[in-house]
Every structure is written in C-alpha cells, then in structure tokens.
Amino acid sequence: MTLPLPVAWSIGAPPFVKAGWHRCLAASGRWLGGDAELVLAAAGVAMLGAAGLRLARWPGRRAPALLMAGGLAALSVLCLPSDPVALASPLYAALAWCVAWPALRRARASRQPPLRRPGEAAPQAVLDASPWPHASDRVGSAGLHCVRGLLDSSLEPMLALAPDGWVMDLNAAAARLAGRGPQQLVGRECAAFFAAPEVLRGSLREVLAGGPPQSLVQVLRRADGEPTDVACSIAACRNGLGELQCVFVTLRDLRDLRTCQVHPALDASCDTLTALPNRGQFRADVQEALNRSRRTGQLGAVMFIDLDNFKDVNDTLGHQLGDELLKVMAARLAGCMQDCGVVARIGGDEFAVLVEPLAAPDDARRLADRVLAAVAEPVHIGSTELVVACSVGITVFPHDIGGVDTLLRNADTALFRAKDAGKNNSQFFTYEMNRAVRRRVEIASQLRNAIRQGEFSVVYQPRMDLIRDQLVGVEALLRWNNAELGIVSPQEFIPVAEETGLIVPIGEWVLREACRQAVRLHQSSGCDVAVAVNISARQFRGTDIVKTVEDALAETGLASRLLELELTESVLMRDTARAAETLQRLVEVGVGVALDDFGTGYSSLGYLKRFPLDSLKVDRSFVADITRDPHDEAIVTTIVALAHGLGMRVVAEGVETREQLALLRRLQCDEVQGYLLGRPMSAEQLLALLLAAEPGEFRNSSYSWTLQP
C-alpha cells in the first residue's frame with residue numbers, strides 16, 4: 001500500500017464517503033478489534049488488486065475514494081450477512097466508486113503493462129485459468145479474488161495453499177524463485193518442491209491445528225536443479241467467521257542476504273551474513289537518535305539481544321547450521337520491529353536494536369517481550385528442529401544519561417544481568433547494576449594474576465564416618481585473599497572464574513595443591529585421609545580431565561584411592577554418553593567419584609545406573625530443616641535407600657546441630673560434614689586435629705572444638 005490512510009485523508013475524500021467509512025469502521029471494530037482501519041485498508045488494496053487495479057495509479061483526490069471503496073467492498077464480503085454493516089457497506093462502496101469511476105475509466109484506457117525483466121514472459125492469470133478445478137469450491141470466488149489481490153500486492157515470493165497442502169495460486173516472484181511456470185506449480189503439493197518435505201508438512205499441520213505461524217529454513221528444488229536456501233514463513237488465512245480459507249507461504253531467498261558481498265560499497269556498514277547493519281553503522285544510528293532526543297526530548301531505547309547457549313549449537317551441529325540459525329533470527333528480529341526500530345548484528349550471536357520514539361519506557365519492555373516470544377518459536381533448518389531462547393538488556397535514553405559508548409555499555413550491562421538472572425528474560429539498566437558489574441570486572445582483572453602472586457589457599461572441611469565415629473576424609477575448598485580487594489567470597493569469584501575460563505587453571509592448581517597436602521598429612525600423621533576436590537563444568541568438558549588427574553597423582557605421589565572428585569548433576573547431564581565414558585576412565589585410574597548437591601539439579605534417577613558413582617552428597621537444603629519438616633526427612637530417607645540399593649555411600653552436607661546428626665545417624669546415612677563437626681581449616685590445623693585425636697575420640701571431643709569460630 002503506497003498511500004497511508006492519514007495521507008489519504010489529508011488529500012481529501014467527499015464527506016459522504018468519509019461518513020460511510022467511519023460508520024462501517026465503528027461497527028466492524030467489534031470483530032476486527034483496534035486494528036479495524038488497518039485491516040480494512042489492507043483488504044481494500046487486496047480488492048483493488050483482485051480487480052486488476054493499483055492504488056498508486058490514481059493519485060490525488062481519487063485515491064482515498066478507491067481505497068475506501070475497496071475496503072468497504074471487502075467488508076461486505078467478509079462480515080456476517082445478517083450484520084447491518086454488510087447491508088450498509090455496499091451502498092457506501094457504490095458511492096465511493098462513483099467518485100472514483102471517471103479517473104478509473106481514463107486510467108484503465110491508458111494503462112501500461114507492468115514492468116518485466118528482460119526476457120521474462122508475460123504474467124499469466126494463474127487463478128482465473130487454474131488447472132485445479134476445486135479451488136473455487138474450497139475458498140469461494142470472492143475469497144479467491146482476495147487471495148489473488150494479496151499475492152499481487154506482495155513483493156516477496158508467496159504461495160497460497162489449500163488446507164491439504166496443494167498449491168492454489170502464487171505470484172510471479174514465487175514462480176521466478178522456483179524457476180518454474182505457474183502451470184507447473186498450481187495443483188501440485190507444495191512440499192514436493194523442497195528437500196525435506198516432511199518437515200514442511202509438519203509445520204503446515206501445526207498451523208492448520210491453530211498453532212502460531214511457523215518459520216523454518218528449507219532447500220528449494222528449482223527446475224534447473226540448483227538447490228536454493230529459502231526462509232519459509234507459514235501462516236493461516238481465515239475469514240471473519242474464523243473459517244480457514246488458505247495457508248500463505250512466504251519465501252525469502254537467503255542468497256539475497258549476501259548483498260553485502262555482492263556490493264562491496266556496503267561492506268563498511270553491513271554484516272555480510274545477515275545483511276543487517278553492523279556495529280559501526282549501528283553506533284552511527286544511535287548517535288543520530290541521541291541528537292534528535294536532545295532536540296525534541298523524545299524517549300528512545302537501545303537493546304542488546306544475545307542468543308542463549310548458541311555456542312552449543314555451533315559445537316554440536318556445526319557452524320554452517322549455526323549461520324543459518326543466525327539468518328532466521330535476524331529475519332525474526334527485523335519482523336518484530338515493524339518499522340519502529342533498527343536491528344543490527346554487532347558480533348557473534350549478539351544483536352542490537354534501536355527503538356524511537358517511545359511513549360513510555362514500558363513500551364520497550366513490551367517490545368522485548370515480543371522479541372523473547374519470537375525467538376522462542378521453533379526453527380526448522382533442513383531436517384533439524386531447534387528451539388532457542390535469548391536474553392535482552394535495555395537502556396532508555398535520555399533517562400540513562402551519557403553518550404553513545406555509555407548507552408551501549410549500559411545495554412551490555414543489562415544484558416549481563418539478564419544472563420545472570422537465569423537467561424530467557426529482559427532487564428532494564430540501573431546504576432546499582434553498573435556498580436555490581438564494575439565489581440565483577442575488578443574481580444576478573446585481579447583473578448588473572450592470583451595464582452602467580454600466590455593469593456589462593458586451600459582449606460579443608462572434615463567428613464565423619466557415622467559408623468566408626470572417625471574423621472575419614474576432607475573436602476578441599478578454595479579461598480582468595482587479594483591485596484586490593486581483600487578476602488573475596490567464593491560465591492563472588494567462582495562464577496566470574498567460570499565465565500572467563502580462568503576456572504580451568506585455577507581448578508588444576510587446586511587439584512595439585514590438595515593432592516600435595518594430602519600426601520603431607522599422610523606422611524606426618526600416618527592417617528589415610530581421603531581428599532575430595534570439586535571439578536567445574538569447564539574442567540570436565542573442556543579439558544582432558546583424566547590426564548589432568550593422572551598428572552597430579554604422578555607429580556605428588558598421592559595414592560589414587562585417597563582422591564575423590566565431586567561433580568554436580570548439571571555437569572554430567574550436558575552430554576551423558578561422553579560423561580559416562582569419562583567417568584569410567586576415572587574409575588580405571590582408581591579415584592572415587594561423588595555426585596554433589598544431589599536432588600537440586602536434573603533429579604533424573606535413570607542416569608544413576610549409567611554412571612559409575614561411589615557416593616551421593618545430600619544437599620544442605622534438605623538437611624537444614626530435616627528435624628522440623630517431615631518432607632525433608634522423607635526425601636533424605638529415600639535418597640539413602642536409593643544410594644544403598646545402587647551400592648553407593650551417602651554423605652550429608654550442612655550438619656549444624658546435634659539433633660540433625662542424631663536423625664541422620666538413625667536414617668543410616670554413612671558420612672556427614674558441616675559446622676558441627678568442624679569449620680573449614682588450614683592444612684596445619686587439620687594436621688593438629690589428626691595428631692590429637694585418638695580412634696573413637698572424635699565423637700567425644702569434636703563438638704566443643706567445632707563450635708569455635
């Protein structure tokens with residue numbers, strides 16, 4: 001539609017036509033909703049197209065009359081026959097046509113044929129001369145004309161399918177893309193022209209069942225044999241009664257996304273993969289928006305959008321499929337903006353959006369919700385179905401004061417907060433958030449030199465055997481004392497180490513140090529005390545953990561039976577087959593394997609029999625209220641029975657009272673650890689405890705000692 005309604009009104013239409021338009025618009029609003037004017041205008045364009053007319057060919061005062069006449073005529077076709085709107089709209093349509101007819105007659109007499117590409121055959125009336133005789137039976141003649149008009153008005157390749165998936169009609173752009181004449185496509189099943197027809201059929205079934213529009217990437221089989229990647233959007237078309245008329249399939253040639261490579265002049269401002277503006281161009285757009293905002297005071301927003309866990313797609317399915325996913329996401333984000341913003345790709349799996357003007361900051365929140373919903377829709381690429389999510393960071397200007405760099409940094413900070421809050425959500429920037437991010441940046445900066453500067457230390461928390469009442473093991477825990485930051489809590493620096501990848505060298509240092517201290521304890525006390533070391537997800541999946549353990553044992557001389565590795569459920573469940581293989585190799589080395597924080601992760605019991613585990617550690621959240629909450633007691637009882645049935649030992653964490661200890665003993669828990677038995681202590685303090693305690697003395701002497709600060 002080349003003439004928006006406000007412009008049409010400003011050009012002018014006869015008063016009686018305006019009055020008729022508003023009367024029908026008010027009546028139709030109850031079933032078309034708040035978008036009644038837009039829907040009727042689009043329907044008007046479609047009706048004009050069905051009659052072989054183009055709105056752009058009648059400039060001046062005749063254009064609004066034609067537009068409203070088409071809309072009113074479409075209204076009389078679509079609404080209920082008993083509705084008074086259906087009785088009134090033909091009258092107003094006739095009056096509007098009377099106004100437009102003189103210009104219409106002159107224009108039709110002098111109309112030139114539409115422009116065609118060199119060598120292109122004249123377009124054929126695919127619908128009117130359809131070789132498929134059942135089309136009119138399924139849709140009706142008026143509906144067919146509307147379909148024809150919509151196809152003609154679309155610049156994108158588009159097909160209209162019957163509910164059974166057969167091609168009813170298509171526009172010239174679709175025929176060109178397929179490399180086939182309309183007569184070769186109409187009356188045949190649409191899915192047959194794609195490399196993965198079952199995937200397309202599945203998406204059609206989803207739409208026909210009342211589901212949301214589907215987006216997928218398919219390989220189109222052209223007549224010349226050239227495979228062409230296309231992005232398909234599938235949506236149902238229903239009449240005013242909610243009856244299915246047809247299904248529209250819009251195609252986008254993904255080769256067009258390589259425009260930047262074809263036109264080197266665009267390289268400086270265009271992302272070559274998605275054809276979206278790049279970071280440099282986006283930064284320039286934000287600067288212009290800031291200048292406008294300072295002059296007018298209008299609100300705007302900058303959003304950073306990052307696909308959650310996109311690295312897993314590249315690692316498991318390959319970079320080519322990852323690139324196709326980025327193209328689909330780029331198209332979806334552009335569709336979400338609906339001409340109200342600029343979408344750019346600023347690197348990797350990260351996109352940025354500039355939105356202006358905004359009536360209120362909440363408008364940005366609603367737009368972010370729309371983005372989250374669009375990204376979460378399933379994506380079909382070939383025979384692969386992907387479901388991804390994203391995180392969104394939002395900063396609003398001029399509320400958030402600063403230049404371009406400040407705004408981009410604020411949006412990135414808010415994105416970081418959204419990731420930290422569990423992903424798949426949106427967060428507005430706040431200055432408190434900025435302080436937290438600065439703290440994390442400082443921690444990351446200082447962590448890089450912590451090992452070299454000797455700032456780390458390892459402390460040990462005792463574990464007691466409830467049968468023998470003896471200290472049988474310890475858990476190694478990392479501590480950090482920085483010259484500038486002071487003592488930093490593990491809850492602060494461990495997540496930062498995970499994000500930056502520094503957890504790998506830090507974890508290796510902890511493993512070697514714990515093994516070295518265990519050997520020293522054995523040599524000084526003569527006691528066999530097993531040491532448990534936590535292994536991070538990055539260590540377990542990103543390195544050869546078996547070789548790391550073997551090297552640490554060989555370097556320190558610790559017996560493998562005195563080393564235990566603690567892993568969480570989430571670490572093992574990311575790739576169960578690989579995890580099972582790695583655990584089996586560790587068992588062959590001779591080290592023990594414990595499942596930490598059991599019951600708080602995936603809580604799937606099926607994997608317990610697959611993994612060669614030695615013990616389960618009951619999370620402290622189940623122990624804290626075990627003497628007051630019968631549900632916690634029941635959970636611990638079940639875990640103990642399950643572990644013993646599978647030949648594993650049970651260790652309860654977070655024991656702080658004598659009542660908890662007595663109940664766990666009664667439930668036949670094997671080992672316990674917690675502040676009641678001993679706070680984390682240095683290797684020297686642990687050695688003193690071992691030398692002072694005689695067999696059987698731990699039960700009687702430990703309480704007064706462990707309650708010390």
# chains A, B, ... in the order shown; residues from 1 in each chain; ligands from 1
call {"tool": "residues_around", "arguments": {"residues": "Met433 (chain A)", "least_positions_apart": "5", "cutoff": "12 Å", "atoms": "only C-alpha atoms", "output": "PyMOL selection string"}}
result
chain A and resi 393+395+409-418+420+427-428+438-440
call {"tool": "select_by_dssp", "arguments": {"residues": "region 380-540 of chain A", "states": "helix (DSSP H, G or I)", "output": "MDAnalysis selection string"}}
result
chainID A and resid 404:420 431:447 490:500 503:525 537:540
call {"tool": "atom_distance", "arguments": {"atom1": "CA of Leu663 (chain A)", "atom2": "CA of Val623 (chain A)"}}
result
10.0 Å
call {"tool": "select_by_dssp", "arguments": {"residues": "region 359-539 of chain A", "states": "strand (DSSP E)", "output": "PyMOL selection string"}}
result
chain A and resi 379-381+384-386+390-397+426-428+456-465+470-482+486-488+530-534
call {"tool": "residues_around", "arguments": {"residues": "region 447-457 of chain A", "least_positions_apart": "2", "cutoff": "7 Å", "atoms": "only C-alpha atoms", "output": "list in words"}}
result
Ile443, Ala444, Ser445, Val459, Leu478, Arg479, Trp480, Asn481 and Asn482 of chain A
call {"tool": "write_last_selection", "arguments": {"atoms": "C-alpha atoms", "output": "PDB file, in the first residue's frame"}}
result
ATOM      1  CA  ILE A 443      37.407  -9.411  40.286  1.00  0.00           C
ATOM      2  CA  ALA A 444      38.096 -10.724  36.800  1.00  0.00           C
ATOM      3  CA  SER A 445      41.076  -8.413  36.427  1.00  0.00           C
ATOM      4  CA  VAL A 459      41.167 -25.101  53.375  1.00  0.00           C
ATOM      5  CA  LEU A 478      39.341 -22.660  47.683  1.00  0.00           C
ATOM      6  CA  ARG A 479      39.933 -19.295  49.379  1.00  0.00           C
ATOM      7  CA  TRP A 480      41.230 -15.995  47.914  1.00  0.00           C
ATOM      8  CA  ASN A 481      42.835 -13.086  49.720  1.00  0.00           C
ATOM      9  CA  ASN A 482      43.673 -10.240  47.324  1.00  0.00           C
TER      10      ASN A 482
END
call {"tool": "closest_residue", "arguments": {"among": "A:Phe304, A:Pro227, A:Ser293, A:Ile234", "to": "Gly211 (chain A)", "atoms": "only C-alpha atoms"}}
result
A:Ile234
call {"tool": "decode", "arguments": {"residues": "region 184-285 of chain A", "atoms": "C-alpha atoms", "output": "short mmCIF file (atom, residue, chain, number, x, y, z; two decimals), in the first residue's frame"}}
result
data_model
loop_
_atom_site.label_atom_id
_atom_site.label_comp_id
_atom_site.auth_asym_id
_atom_site.auth_seq_id
_atom_site.Cartn_x
_atom_site.Cartn_y
_atom_site.Cartn_z
CA GLN A 184 3.94 -26.42 -13.25
CA LEU A 185 3.19 -25.47 -9.65
CA VAL A 186 -0.56 -24.97 -9.31
CA GLY A 187 -2.40 -28.16 -8.44
CA ARG A 188 0.67 -29.90 -7.01
CA GLU A 189 1.73 -30.48 -3.42
CA CYS A 190 3.93 -27.66 -2.15
CA ALA A 191 6.16 -29.89 0.00
CA ALA A 192 7.26 -31.84 -3.09
CA PHE A 193 9.37 -28.90 -4.21
CA PHE A 194 11.53 -28.94 -1.05
CA ALA A 195 14.40 -31.18 0.02
CA ALA A 196 12.80 -32.03 3.39
CA PRO A 197 9.07 -32.32 2.60
CA GLU A 198 8.12 -34.00 5.89
CA VAL A 199 9.41 -31.05 7.88
CA LEU A 200 7.30 -28.65 5.81
CA ARG A 201 4.26 -30.90 6.14
CA GLY A 202 4.72 -30.93 9.91
CA SER A 203 4.80 -27.12 10.02
CA LEU A 204 1.66 -26.98 7.88
CA ARG A 205 -0.11 -29.34 10.25
CA GLU A 206 0.92 -27.16 13.20
CA VAL A 207 -0.56 -24.05 11.55
CA LEU A 208 -3.75 -25.84 10.47
CA ALA A 209 -4.26 -27.08 14.03
CA GLY A 210 -4.50 -23.46 15.20
CA GLY A 211 -0.87 -23.05 16.16
CA PRO A 212 1.19 -19.88 15.69
CA PRO A 213 2.85 -19.00 12.36
CA GLN A 214 5.88 -21.17 11.65
CA SER A 215 9.35 -20.14 10.50
CA LEU A 216 11.84 -22.57 9.01
CA VAL A 217 14.72 -22.78 6.57
CA GLN A 218 14.37 -25.20 3.68
CA VAL A 219 16.21 -26.10 0.48
CA LEU A 220 14.05 -25.32 -2.55
CA ARG A 221 14.39 -27.63 -5.54
CA ARG A 222 14.49 -25.35 -8.54
CA ALA A 223 13.68 -26.55 -12.05
CA ASP A 224 17.32 -26.07 -13.10
CA GLY A 225 18.47 -28.38 -10.30
CA GLU A 226 20.17 -25.64 -8.28
CA PRO A 227 19.44 -26.07 -4.54
CA THR A 228 18.37 -22.74 -3.07
CA ASP A 229 18.22 -21.98 0.64
CA VAL A 230 14.98 -20.18 1.47
CA ALA A 231 13.43 -18.95 4.72
CA CYS A 232 9.77 -20.01 4.86
CA SER A 233 7.06 -18.24 6.86
CA ILE A 234 3.78 -20.14 7.09
CA ALA A 235 0.55 -18.53 8.31
CA ALA A 236 -3.14 -19.42 8.07
CA CYS A 237 -5.69 -17.08 6.45
CA ARG A 238 -9.19 -17.17 7.94
CA ASN A 239 -12.36 -15.22 7.15
CA GLY A 240 -14.50 -13.20 9.55
CA LEU A 241 -16.18 -16.39 10.78
CA GLY A 242 -12.85 -17.95 11.67
CA GLU A 243 -13.09 -20.43 8.81
CA LEU A 244 -9.82 -21.44 7.18
CA GLN A 245 -9.54 -20.04 3.66
CA CYS A 246 -6.00 -20.98 2.75
CA VAL A 247 -2.43 -21.05 4.02
CA PHE A 248 0.08 -18.45 2.85
CA VAL A 249 3.73 -19.48 2.48
CA THR A 250 6.13 -16.56 2.10
CA LEU A 251 9.61 -17.38 0.84
CA ARG A 252 12.79 -15.41 1.23
CA ASP A 253 15.78 -16.25 -0.90
CA LEU A 254 18.67 -16.45 1.55
CA ARG A 255 21.05 -15.73 -1.30
CA ASP A 256 19.75 -12.17 -1.09
CA LEU A 257 21.28 -11.92 2.37
CA ARG A 258 24.69 -11.92 0.70
CA THR A 259 24.04 -8.47 -0.77
CA CYS A 260 26.98 -7.05 1.14
CA GLN A 261 29.34 -9.48 -0.55
CA VAL A 262 27.95 -8.66 -4.00
CA HIS A 263 28.13 -4.91 -3.40
CA PRO A 264 31.49 -4.09 -1.78
CA ALA A 265 30.37 -0.49 -1.23
CA LEU A 266 28.08 -1.73 1.54
CA ASP A 267 30.80 -3.66 3.37
CA ALA A 268 31.59 -0.80 5.72
CA SER A 269 28.06 -0.65 7.13
CA CYS A 270 26.61 -4.12 6.55
CA ASP A 271 27.01 -7.51 8.22
CA THR A 272 27.88 -9.96 5.46
CA LEU A 273 26.00 -12.93 6.95
CA THR A 274 22.64 -11.39 7.83
CA ALA A 275 22.67 -8.22 5.67
CA LEU A 276 21.81 -6.25 8.82
CA PRO A 277 23.69 -3.08 9.78
CA ASN A 278 26.93 -3.85 11.59
CA ARG A 279 28.28 -2.41 14.83
CA GLY A 280 29.78 0.67 13.17
CA GLN A 281 26.58 1.58 11.38
CA PHE A 282 24.50 0.90 14.50
CA ARG A 283 26.73 3.19 16.52
CA ALA A 284 26.17 5.95 13.95
CA ASP A 285 22.40 5.38 14.10
#
